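So the structure is just underneath, and the comments pick up after that.
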Amino acid sequence: MRFLLRLLTRVPLRLLYPWSWLLYFVAFRVLRWRRDDAERDVANAFPEKSPDERASIVDRSYRNLADTLVEAFWGFGASAEALKRRVAMENPDLVRRCVEAGQSVVVLTAHYGNWEWLLLAAGVHFGIEIDVVYQPQRVAAFDDFLREARTRFGSRLIPRKEFVYDLLSRAEQIRAYALIADQTPKHKDDPRHWTRFLNQDTAFFVGAGKIAKFLDAKVLYVRMRRVARGYYSVHFSELAAPPYEEVEDVQIVERYARNLERDIRESPADWLWLQKKWKIRRPASPPGRDAETAAVR
């Protein structure tokens with residue numbers, strides 16, 4: 001399996017794109033993989049759009065995901081120069097100033113654009129070790145391949161279960177942590193923050209704020225735009241910076257949610273609607289809790 005996967009990384013991108021269409025056709029037209037869920041979520045998120053507009057968003061999102069998958073395989077074998085040509089950093093100085101000042105950084109991104117290329121391109125452009133929390137794959141050979149491919153340019157993958165220990169053991173070091181923060185807390189013990197996101201009650205992890213305050217790190221949001229097929233542009237913006245005496249964990253999460261919602265509304269098909277963001281329901285709030293959330297926002 002690892003040999004076949006490595007072989008795919010050597011195929012030119014122009015030869016992989018026809019397979020993207022096949023992946024889209026099978027997933028969207030034949031298997032209808034999570035299609036009902038995606039159509040429901042898009043309808044809830046954009047009630048003001050017509051049925052045809054919502055259908056177009058769902059269709060385009062499947063096409064974009066198929067492109068992202070084949071682009072990821074190409075990226076796992078691409079040179080640094082090739083990645084630089086395809087992923088442009090609009091304001092890299094914001095990150096470089098933190099590195100030069102010896103300040104830790106927490107970078108928040110999402111399943112938007114091409115998150116696999118984002119990690120690789122960040123390593124290429126900045127030349128720093130980036131710690132990424134990830135969920136190990138069940139198939140050992142596939143997990144080994146992904147770890148090797150994703151860390152080609154200096155990134156470091158931390159299994160989710162080992163993250164707290166790793167964070168505490170390296171607390172005195174200057175770190176750059178990258179988190180895909182639009183994932184849904186799955187376990188009942190996971191700290192979560194509820195907010196209105198795309199017209200729906202939505203749960204977010206609150207860990208990003210806690211990590212930033214623990215490390216006294218600056219928090220940056222990543223906006224990744226699809227400029228053309230196979231070409232992206234990345235823009236960084238500051239969400240929060242120390243000192244954090246007056247900044248609550250949930251404020252950082254709220255700022256992240258508002259930025260991500262803006263980007264999704266601008267280009268809905270670039271977000272991963274298939275991830276089942278609303279698979280858990282919000283519990284009944286005690287009196288006064290909704291007013292507290294509104295005050296944070």
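By convention here, the chains of the structure tokens are called A, B, ... in the order presented, each chain's residues are numbered starting at 1, and ligands are numbered starting at 1 in the order presented.
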In range 13-261 of chain A, DSSP alpha helix (DSSP H) residues written as a ChimeraX atom specification = /A:13-24,35-45,51-75,80-86,93-100,115-126,140-150,163-169,207-215,249-261
Generate the output file for the selected residues, C-alpha atoms, as a CSV table (one decimal), in the first residue's frame.
chain,number,residue,atom,x,y,z
A,13,LEU,CA,-1.3,17.0,-11.5
A,14,ARG,CA,-2.8,17.3,-14.9
A,15,LEU,CA,-3.0,13.5,-15.1
A,16,LEU,CA,-4.6,13.3,-11.7
A,17,TYR,CA,-7.5,15.7,-12.4
A,18,PRO,CA,-9.4,13.3,-14.6
A,19,TRP,CA,-9.5,11.0,-11.6
A,20,SER,CA,-10.9,13.8,-9.6
A,21,TRP,CA,-14.0,13.9,-11.9
A,22,LEU,CA,-14.3,10.1,-11.4
A,23,LEU,CA,-14.2,10.4,-7.6
A,24,TYR,CA,-16.8,13.2,-7.8
A,35,ARG,CA,-25.3,13.8,0.1
A,36,ASP,CA,-28.6,14.0,2.0
A,37,ASP,CA,-26.7,15.4,5.1
A,38,ALA,CA,-24.9,18.0,3.0
A,39,GLU,CA,-28.1,19.1,1.3
A,40,ARG,CA,-29.9,19.5,4.6
A,41,ASP,CA,-27.0,21.5,6.2
A,42,VAL,CA,-26.7,23.8,3.2
A,43,ALA,CA,-30.4,24.4,3.2
A,44,ASN,CA,-30.3,25.3,6.9
A,45,ALA,CA,-27.3,27.5,6.4
A,51,PRO,CA,-33.1,25.5,-4.4
A,52,ASP,CA,-31.0,25.7,-7.5
A,53,GLU,CA,-28.4,27.9,-5.8
A,54,ARG,CA,-28.2,25.4,-2.9
A,55,ALA,CA,-28.0,22.4,-5.2
A,56,SER,CA,-25.1,24.2,-7.0
A,57,ILE,CA,-23.2,24.7,-3.7
A,58,VAL,CA,-23.5,21.0,-2.8
A,59,ASP,CA,-22.5,19.9,-6.3
A,60,ARG,CA,-19.5,22.2,-6.4
A,61,SER,CA,-18.4,21.2,-2.9
A,62,TYR,CA,-18.1,17.6,-4.0
A,63,ARG,CA,-16.1,18.6,-7.0
A,64,ASN,CA,-13.8,20.7,-4.9
A,65,LEU,CA,-13.3,17.9,-2.4
A,66,ALA,CA,-12.4,15.5,-5.2
A,67,ASP,CA,-9.9,18.1,-6.5
A,68,THR,CA,-8.5,18.5,-2.9
A,69,LEU,CA,-7.9,14.8,-2.6
A,70,VAL,CA,-6.0,14.4,-5.9
A,71,GLU,CA,-4.1,17.7,-5.2
A,72,ALA,CA,-3.1,16.3,-1.8
A,73,PHE,CA,-1.5,13.2,-3.3
A,74,TRP,CA,0.4,15.4,-5.8
A,75,GLY,CA,1.4,17.8,-3.0
A,80,ALA,CA,9.2,23.2,-2.5
A,81,GLU,CA,9.3,25.4,-5.5
A,82,ALA,CA,6.2,23.8,-7.1
A,83,LEU,CA,4.2,24.4,-3.9
A,84,LYS,CA,5.4,28.0,-3.7
A,85,ARG,CA,4.1,28.6,-7.2
A,86,ARG,CA,0.7,27.2,-6.3
A,93,ASP,CA,5.5,39.0,7.5
A,94,LEU,CA,2.8,38.6,10.2
A,95,VAL,CA,4.1,35.1,10.9
A,96,ARG,CA,7.8,36.0,10.4
A,97,ARG,CA,7.6,38.8,12.9
A,98,CYS,CA,6.4,36.4,15.6
A,99,VAL,CA,9.2,33.9,14.8
A,100,GLU,CA,11.8,36.7,14.9
A,115,TRP,CA,-5.9,22.2,4.1
A,116,GLU,CA,-3.3,19.6,3.1
A,117,TRP,CA,-1.5,22.1,0.8
A,118,LEU,CA,-1.7,24.7,3.5
A,119,LEU,CA,0.4,22.7,5.9
A,120,LEU,CA,3.0,21.8,3.3
A,121,ALA,CA,3.1,25.4,1.9
A,122,ALA,CA,3.6,26.9,5.4
A,123,GLY,CA,6.6,24.7,6.0
A,124,VAL,CA,8.0,25.7,2.7
A,125,HIS,CA,7.4,29.5,3.0
A,126,PHE,CA,8.4,29.9,6.7
A,140,ALA,CA,-1.1,1.5,10.0
A,141,ALA,CA,0.4,1.6,6.5
A,142,PHE,CA,-1.8,4.6,5.5
A,143,ASP,CA,-1.1,6.4,8.8
A,144,ASP,CA,2.7,5.9,8.2
A,145,PHE,CA,2.3,7.3,4.7
A,146,LEU,CA,0.4,10.4,5.8
A,147,ARG,CA,2.8,11.1,8.6
A,148,GLU,CA,5.8,10.9,6.3
A,149,ALA,CA,4.1,13.0,3.6
A,150,ARG,CA,2.8,15.7,5.8
A,163,PHE,CA,-1.3,16.4,22.8
A,164,VAL,CA,-1.7,17.5,26.4
A,165,TYR,CA,1.4,15.7,27.5
A,166,ASP,CA,3.4,17.1,24.6
A,167,LEU,CA,2.1,20.7,25.3
A,168,LEU,CA,3.1,20.5,29.0
A,169,SER,CA,6.5,18.9,28.3
A,207,GLY,CA,-8.9,24.4,23.3
A,208,ALA,CA,-7.4,27.0,21.1
A,209,GLY,CA,-8.0,29.8,23.6
A,210,LYS,CA,-6.6,27.7,26.4
A,211,ILE,CA,-3.5,26.8,24.5
A,212,ALA,CA,-2.8,30.4,23.5
A,213,LYS,CA,-3.2,31.6,27.1
A,214,PHE,CA,-1.0,28.8,28.4
A,215,LEU,CA,1.8,29.6,26.0
A,249,ASP,CA,-11.2,31.5,26.0
A,250,VAL,CA,-14.6,31.6,24.3
A,251,GLN,CA,-13.9,35.1,22.9
A,252,ILE,CA,-11.1,33.6,20.8
A,253,VAL,CA,-13.4,30.8,19.6
A,254,GLU,CA,-16.1,33.4,18.7
A,255,ARG,CA,-13.7,35.5,16.7
A,256,TYR,CA,-12.6,32.4,14.8
A,257,ALA,CA,-16.2,31.4,14.2
A,258,ARG,CA,-17.1,34.8,12.8
A,259,ASN,CA,-14.1,34.9,10.5
A,260,LEU,CA,-14.8,31.4,9.2
A,261,GLU,CA,-18.5,32.1,8.7
Contacts of Ser104 in chain A at 7 Å (only C-alpha atoms; same-chain gap of 3+ positions) as a count of residues only | 6
Atomic separation - CA of Thr9 in chain A relative to CA of Leu179 in chain A, Å |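 Rounded to one decimal, the two atoms are 24.8 Å apart.
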All strand (DSSP E) positions in range 37-250 of chain A, as a PyMOL selection string | chain A and resi 87-89+105-109+131-134+156-159+176-180+192-197+200-205+218-228+231-240
Quick one: distance from CA of Asp270 in chain A to CA of Ala228 in chain A in Å, one decimal?
->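 Calculated distance between CA of Asp270 in chain A and CA of Ala228 in chain A is 11.9 Å.
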Smallest atom-to-atom distance to Pro47 in chain A: which of A:Leu108, A:Leu198, A:Val11, A:Met1, using only C-alpha atoms?
->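 Under the stated criterion, the closest residue is A:Leu198.
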Test item: residues at most 6 Å from range 127-137 of chain A, only C-alpha atoms, excluding those fewer than 4 positions along its chain, as a ChimeraX atom specification = /A:123,143,154-160,176-178
Point out the residue among A:Asn199, A:Ser237, A:Ser50, A:Gln183 with the least atom-to-atom distance to Leu274 in chain A, counting only C-alpha atoms.
->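 Of all the options, A:Gln183 lies closest to Leu274 in chain A.
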Enter the distance from CA of Pro243 in chain A to CA of Gln103 in chain A, in Å, rounded to one decimal.
->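 Result for CA of Pro243 in chain A versus CA of Gln103 in chain A: 12.3 Å, one decimal.
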Name all residues at most 10 Å from Asp190 in chain A (count only C-alpha atoms; drop same-chain ones fewer than 2 positions away) and give them as an MDAnalysis selection string.
-> chainID A and resid 184:188 192:193 204:207
Closest to Glu245 in chain A among A:Asp216, A:Val227, A:Asp263, A:Phe76, using only C-alpha atoms?
->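 When distances to Glu245 in chain A are compared using only C-alpha atoms, the smallest one comes from A:Asp216.
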Compile the contact shell of Thr202 in chain A as a short mmCIF file (atom, residue, chain, number, x, y, z; two decimals) with C-alpha atoms, in the first residue's frame: residues with an atom at most 8 Å away, counting only C-alpha atoms, same-chain residues fewer than 3 positions apart removed.
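The file below, out.cif, is the result:
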data_model
loop_
_atom_site.label_atom_id
_atom_site.label_comp_id
_atom_site.auth_asym_id
_atom_site.auth_seq_id
_atom_site.Cartn_x
_atom_site.Cartn_y
_atom_site.Cartn_z
CA TRP A 194 -22.02 26.80 21.62
CA THR A 195 -22.71 29.68 19.26
CA ARG A 196 -24.89 30.59 16.27
CA PHE A 197 -22.97 29.67 13.16
CA LYS A 277 -20.69 19.73 11.63
CA TRP A 278 -24.15 19.62 13.22
CA ARG A 282 -27.36 21.74 21.75
#
